[in-house]
Amino acid sequence: MAVKIGPVMVDVEGTELTAEDRELLRHPQVGGLIFFARNFRDRSQLESLIQDIRAVRPEILLAVDQEGGRVQRFRDTFTRIPSMQALAAQADAQQLKDVGWLLAAELLAVGVDFSFAPVLDADDDFCRIVGDRSLACDPLQLSAKARPFMAGMHEAGMATTGKHFPGHGQVREDSHEELPVDHRTLDEVLASDAVPFAECIAAGELEAVMPAHIRFAKVDENPVGFSRFWLQEILRKRLGFDGVIFSDDLTMEGAGAAGGYAERIRAAMAAGCDMGVVCNKREGALEVLEALEGYEPDPQSGKRLERMRGRPVIKSWDALESNSRWQATREWLASWM
């Protein structure tokens with residue numbers, strides 16, 4: 001019988017588990033954990049931390065934002081990955097695939113299941129929070145860059161997560177700080193920013209999607225991550241997506257439109273999210289877990305979440321270091337970064 005995966009992703013305080021962390025991880029509604037730079041000192045410490053976490057909750061999904069550029073939580077001893085904008089300017093399709101493979105292989109080798117990657121937002125430098133995290137400013141060209149990168153991740157044994165549906169690049173505001181409002185029509189969004197998501201879904205290359213904390217005023221009154229219209233009618237039905245829907249961090253200011261933390265997680269689950277992400281605010285995580293006491297997720301959510309589990313082809317860092325593809329990709333990156 002499959003092990004039940006709880007619907008909440010949390011974080012821990014530092015480089016070792018505290019007693020409070022252990023109590024949090026034991027909560028039956030916790031099913032995932034996201035790492036940050038504060039959880040990383042070096043690779044040996046990270047591997048020990050992961051072992052301790054799995055001793056408490058063996059079935060937990062372990063995630064990180066390891067995009068490259070300014071969003072790379074693990075740095076020293078891990079390969080420095082350039083921003084996706086810089087990478088896309090230098091790399092051909094095979095090099096994009098190799099870097100996607102390297103990023104995923106390194107995380108899998110230490111026991112992390114997946115990175116929330118790639119960013120499918122189209123931007124150059126308009127949006128404060130996206131900018132150089134984007135592979136292309138033209139959404140009609142973006143999937144041509146993203147698909148080889150995702151193919152490399154898959155070759156390493158890692159599931160992919162496209163963010164931030166249906167596209168964050170055309171609003172200037174940072175949803176960590178406020179709720180952006182986009183005034184385009186549904187047809188305008190679907191013909192532009194949503195194209196990379198639609199194409200990658202049609203190609204069967206996305207295991208998960210993370211919706212944006214953006215309100216599209218002409219489409220729905222609710223921000224995307226709290227909108228049944230966006231998540232059920234558009235993402236699930238119109239685009240045919242059957243993977244995991246992760247909320248973006250529910251402690252962000254852009255999520256405040258739904259109310260307090262209890263209201264946010266209830267709204268996210270009601271809209272169709274499979275897992276709510278609550279990090280960098282322990283009191284918020286505790287409020288969310290209290291709000292979900294007795295909550296029984298759709299059994300399909302558990303099946304979808306199970307697909308996010310890492311399936312490493314290369315199972316140790318020693319084996320990775322002796323791999324010719326890893327060596328060659330690191331050398332190529334170092335030659336121009």
# chains A, B, ... in the order shown; residues from 1 in each chain; ligands from 1
call {"tool": "closest_atom_pairs", "arguments": {"of": "region 52-135 of chain A", "to": "region 271-290 of chain A", "cutoff": "12 Å", "atoms": "only C-alpha atoms", "output": "tab-separated table"}}
result
residue	atom	partner	partner_atom	distance
A:Leu61	CA	A:Met275	CA	10.9
A:Ala63	CA	A:Val277	CA	10.7
A:Val64	CA	A:Val277	CA	11.7
A:Phe116	CA	A:Val277	CA	11.6
call {"tool": "write_last_selection", "arguments": {"atoms": "C-alpha atoms", "output": "PDB file, in the first residue's frame"}}
result
ATOM      1  CA  LEU A  61       9.539  14.815  -0.228  1.00  0.00           C
ATOM      2  CA  ALA A  63      12.812  20.060  -2.330  1.00  0.00           C
ATOM      3  CA  VAL A  64      14.929  23.155  -2.945  1.00  0.00           C
ATOM      4  CA  PHE A 116      11.432  23.787  -8.125  1.00  0.00           C
TER       5      PHE A 116
END
call {"tool": "select_by_dssp", "arguments": {"residues": "region 2-159 of chain A", "states": "strand (DSSP E)", "output": "NGL selection string"}}
result
:A and (8-10 or 30-35 or 61-64 or 66-68 or 71-72 or 114-115)
call {"tool": "write_last_selection", "arguments": {"atoms": "C-alpha atoms", "output": "compact mmCIF listing (two decimals), in the first residue's frame"}}
result
# COMPACT_ATOMS: atom_id res chain seq x y z
CA VAL A 8 1.87 20.67 3.49
CA MET A 9 5.51 21.54 2.73
CA VAL A 10 7.43 23.22 5.57
CA VAL A 30 3.48 17.42 6.67
CA GLY A 31 4.50 15.75 3.42
CA GLY A 32 7.31 17.92 2.12
CA LEU A 33 10.28 20.01 3.22
CA ILE A 34 12.00 22.82 1.34
CA PHE A 35 15.64 23.70 1.99
CA LEU A 61 9.54 14.82 -0.23
CA LEU A 62 12.65 17.01 -0.09
CA ALA A 63 12.81 20.06 -2.33
CA VAL A 64 14.93 23.15 -2.95
CA GLN A 66 18.21 25.40 -7.09
CA GLU A 67 17.59 27.31 -10.29
CA GLY A 68 21.02 28.84 -10.75
CA VAL A 71 18.40 31.54 -6.80
CA GLN A 72 20.79 28.74 -5.89
CA PHE A 114 13.58 17.74 -6.75
CA SER A 115 14.28 21.38 -7.43
call {"tool": "closest_residue", "arguments": {"among": "A:Val189, A:Ala319, A:Ile53, A:Ile5", "to": "Asp298 (chain A)", "atoms": "only C-alpha atoms"}}
result
A:Ile5
call {"tool": "closest_residue", "arguments": {"among": "A:Glu199, A:Asp21, A:Asp248, A:Glu207", "to": "Arg304 (chain A)", "atoms": "only C-alpha atoms"}}
result
A:Glu207
call {"tool": "residues_around", "arguments": {"residues": "Arg70 (chain A)", "least_positions_apart": "2", "cutoff": "12 Å", "atoms": "only C-alpha atoms", "output": "list in words"}}
result
Ala37, Asp65, Gln66, Glu67, Gly68, Gln72, Arg73, Phe74, Arg75, Arg80, Ile81, Pro82, Ser83, Met84, Gln85, Ala86, Ile129, Val130, Gly131, Asp132, Arg133 and Ser134 of chain A
call {"tool": "write_last_selection", "arguments": {"atoms": "C-alpha atoms", "output": "PDB file, in the first residue's frame"}}
result
ATOM      1  CA  ALA A  37      20.708  28.524   2.107  1.00  0.00           C
ATOM      2  CA  ASP A  65      15.002  26.201  -5.210  1.00  0.00           C
ATOM      3  CA  GLN A  66      18.212  25.398  -7.089  1.00  0.00           C
ATOM      4  CA  GLU A  67      17.589  27.312 -10.292  1.00  0.00           C
ATOM      5  CA  GLY A  68      21.020  28.844 -10.752  1.00  0.00           C
ATOM      6  CA  GLN A  72      20.792  28.738  -5.891  1.00  0.00           C
ATOM      7  CA  ARG A  73      20.577  27.615  -2.272  1.00  0.00           C
ATOM      8  CA  PHE A  74      23.481  25.142  -2.297  1.00  0.00           C
ATOM      9  CA  ARG A  75      26.701  26.665  -3.618  1.00  0.00           C
ATOM     10  CA  ARG A  80      27.802  27.158  -9.621  1.00  0.00           C
ATOM     11  CA  ILE A  81      24.999  27.426 -12.184  1.00  0.00           C
ATOM     12  CA  PRO A  82      24.584  30.686 -14.105  1.00  0.00           C
ATOM     13  CA  SER A  83      21.289  32.520 -14.343  1.00  0.00           C
ATOM     14  CA  MET A  84      19.006  30.981 -16.912  1.00  0.00           C
ATOM     15  CA  GLN A  85      19.170  34.185 -18.952  1.00  0.00           C
ATOM     16  CA  ALA A  86      22.979  33.948 -19.133  1.00  0.00           C
ATOM     17  CA  ILE A 129      11.256  38.998  -9.122  1.00  0.00           C
ATOM     18  CA  VAL A 130      11.828  37.206 -12.451  1.00  0.00           C
ATOM     19  CA  GLY A 131      14.335  39.079 -14.601  1.00  0.00           C
ATOM     20  CA  ASP A 132      17.392  36.954 -15.336  1.00  0.00           C
ATOM     21  CA  ARG A 133      15.741  33.836 -13.887  1.00  0.00           C
ATOM     22  CA  SER A 134      13.932  33.531 -17.219  1.00  0.00           C
TER      23      SER A 134
END
call {"tool": "atom_distance", "arguments": {"atom1": "CA of Gly204 (chain A)", "atom2": "CA of Asn323 (chain A)"}}
result
28.1 Å
call {"tool": "closest_residue", "arguments": {"among": "A:Arg43, A:Arg26, A:Arg330, A:Lys97", "to": "Met150 (chain A)", "atoms": "only C-alpha atoms"}}
result
A:Lys97
call {"tool": "atom_distance", "arguments": {"atom1": "CA of Arg264 (chain A)", "atom2": "CA of Ser247 (chain A)"}}
result
9.9 Å
call {"tool": "select_by_dssp", "arguments": {"residues": "region 47-197 of chain A", "states": "helix (DSSP H, G or I)", "output": "number ranges by chain"}}
result
A: 47-56, 84-90, 93-110, 131-133, 139-156, 186-190, 195-197
call {"tool": "residues_around", "arguments": {"residues": "region 214-219 of chain A", "least_positions_apart": "6", "cutoff": "6 Å", "atoms": "only C-alpha atoms", "output": "VMD selection string"}}
result
chain A and resid 180 to 183 185 to 186
call {"tool": "write_last_selection", "arguments": {"atoms": "C-alpha atoms", "output": "short mmCIF file (atom, residue, chain, number, x, y, z; two decimals), in the first residue's frame"}}
result
data_model
loop_
_atom_site.label_atom_id
_atom_site.label_comp_id
_atom_site.auth_asym_id
_atom_site.auth_seq_id
_atom_site.Cartn_x
_atom_site.Cartn_y
_atom_site.Cartn_z
CA PRO A 180 0.46 42.11 -8.51
CA VAL A 181 -2.55 42.73 -10.75
CA ASP A 182 -2.48 41.93 -14.47
CA HIS A 183 -5.17 43.56 -16.62
CA THR A 185 -7.74 39.21 -20.93
CA LEU A 186 -7.69 35.43 -20.72
#
call {"tool": "residues_around", "arguments": {"residues": "Ala105 (chain A)", "least_positions_apart": "3", "cutoff": "8 Å", "atoms": "only C-alpha atoms", "output": "ChimeraX atom specification"}}
result
/A:101-102,108-109,153,156-158,312-314,320
call {"tool": "closest_residue", "arguments": {"among": "A:Val110, A:Met210, A:Ala89, A:Ala203", "to": "His168 (chain A)", "atoms": "only C-alpha atoms"}}
result
A:Met210
call {"tool": "closest_residue", "arguments": {"among": "A:Lys303, A:His164, A:Lys237, A:His213", "to": "Ala255 (chain A)", "atoms": "only C-alpha atoms"}}
result
A:His213
call {"tool": "residues_around", "arguments": {"residues": "Gly111 (chain A)", "least_positions_apart": "5", "cutoff": "9 Å", "atoms": "only C-alpha atoms", "output": "PyMOL selection string"}}
result
chain A and resi 47+50-51+62+310+312+315-316
call {"tool": "atom_distance", "arguments": {"atom1": "CA of Val119 (chain A)", "atom2": "CA of Lys163 (chain A)"}}
result
5.0 Å
call {"tool": "decode", "arguments": {"residues": "region 26-96 of chain A", "atoms": "C-alpha atoms", "output": "mmCIF file, in the first residue's frame"}}
result
data_model
loop_
_atom_site.group_PDB
_atom_site.id
_atom_site.type_symbol
_atom_site.label_atom_id
_atom_site.label_comp_id
_atom_site.auth_asym_id
_atom_site.auth_seq_id
_atom_site.Cartn_x
_atom_site.Cartn_y
_atom_site.Cartn_z
ATOM 1 C CA ARG A 26 6.070 14.307 12.738
ATOM 2 C CA HIS A 27 2.792 16.100 12.057
ATOM 3 C CA PRO A 28 0.714 13.809 9.807
ATOM 4 C CA GLN A 29 -0.187 16.637 7.415
ATOM 5 C CA VAL A 30 3.477 17.415 6.673
ATOM 6 C CA GLY A 31 4.503 15.750 3.420
ATOM 7 C CA GLY A 32 7.314 17.924 2.125
ATOM 8 C CA LEU A 33 10.277 20.014 3.220
ATOM 9 C CA ILE A 34 12.003 22.816 1.340
ATOM 10 C CA PHE A 35 15.642 23.701 1.992
ATOM 11 C CA PHE A 36 17.151 27.188 2.051
ATOM 12 C CA ALA A 37 20.708 28.524 2.107
ATOM 13 C CA ARG A 38 20.562 28.675 5.906
ATOM 14 C CA ASN A 39 20.247 24.871 5.953
ATOM 15 C CA PHE A 40 23.513 24.407 4.052
ATOM 16 C CA ARG A 41 27.068 24.656 5.342
ATOM 17 C CA ASP A 42 28.731 22.016 3.184
ATOM 18 C CA ARG A 43 27.779 18.827 1.383
ATOM 19 C CA SER A 44 28.666 16.497 4.263
ATOM 20 C CA GLN A 45 26.512 18.494 6.678
ATOM 21 C CA LEU A 46 23.624 18.532 4.192
ATOM 22 C CA GLU A 47 23.758 14.764 3.753
ATOM 23 C CA SER A 48 23.703 14.305 7.541
ATOM 24 C CA LEU A 49 20.733 16.665 7.849
ATOM 25 C CA ILE A 50 18.869 14.734 5.153
ATOM 26 C CA GLN A 51 19.565 11.449 6.935
ATOM 27 C CA ASP A 52 18.186 12.894 10.172
ATOM 28 C CA ILE A 53 15.073 14.199 8.413
ATOM 29 C CA ARG A 54 14.400 10.850 6.768
ATOM 30 C CA ALA A 55 14.896 9.085 10.115
ATOM 31 C CA VAL A 56 11.935 11.122 11.384
ATOM 32 C CA ARG A 57 9.816 10.964 8.187
ATOM 33 C CA PRO A 58 11.163 8.440 5.661
ATOM 34 C CA GLU A 59 8.480 9.217 3.077
ATOM 35 C CA ILE A 60 8.878 13.013 3.073
ATOM 36 C CA LEU A 61 9.539 14.815 -0.228
ATOM 37 C CA LEU A 62 12.652 17.006 -0.085
ATOM 38 C CA ALA A 63 12.812 20.060 -2.330
ATOM 39 C CA VAL A 64 14.929 23.155 -2.945
ATOM 40 C CA ASP A 65 15.002 26.201 -5.210
ATOM 41 C CA GLN A 66 18.212 25.398 -7.089
ATOM 42 C CA GLU A 67 17.589 27.312 -10.292
ATOM 43 C CA GLY A 68 21.020 28.844 -10.752
ATOM 44 C CA GLY A 69 22.090 32.478 -10.696
ATOM 45 C CA ARG A 70 20.719 34.410 -7.735
ATOM 46 C CA VAL A 71 18.397 31.541 -6.796
ATOM 47 C CA GLN A 72 20.792 28.738 -5.891
ATOM 48 C CA ARG A 73 20.577 27.615 -2.272
ATOM 49 C CA PHE A 74 23.481 25.142 -2.297
ATOM 50 C CA ARG A 75 26.701 26.665 -3.618
ATOM 51 C CA ASP A 76 30.064 25.636 -2.156
ATOM 52 C CA THR A 77 31.036 22.147 -3.386
ATOM 53 C CA PHE A 78 28.018 22.205 -5.711
ATOM 54 C CA THR A 79 28.569 23.478 -9.242
ATOM 55 C CA ARG A 80 27.802 27.158 -9.621
ATOM 56 C CA ILE A 81 24.999 27.426 -12.184
ATOM 57 C CA PRO A 82 24.584 30.686 -14.105
ATOM 58 C CA SER A 83 21.289 32.520 -14.343
ATOM 59 C CA MET A 84 19.006 30.981 -16.912
ATOM 60 C CA GLN A 85 19.170 34.185 -18.952
ATOM 61 C CA ALA A 86 22.979 33.948 -19.133
ATOM 62 C CA LEU A 87 22.857 30.213 -19.811
ATOM 63 C CA ALA A 88 20.357 30.568 -22.640
ATOM 64 C CA ALA A 89 22.584 33.174 -24.289
ATOM 65 C CA GLN A 90 25.566 30.765 -24.333
ATOM 66 C CA ALA A 91 24.134 27.275 -24.671
ATOM 67 C CA ASP A 92 22.844 25.185 -27.522
ATOM 68 C CA ALA A 93 20.180 22.524 -26.943
ATOM 69 C CA GLN A 94 22.671 19.839 -25.882
ATOM 70 C CA GLN A 95 24.402 22.178 -23.433
ATOM 71 C CA LEU A 96 21.049 23.170 -21.948
#
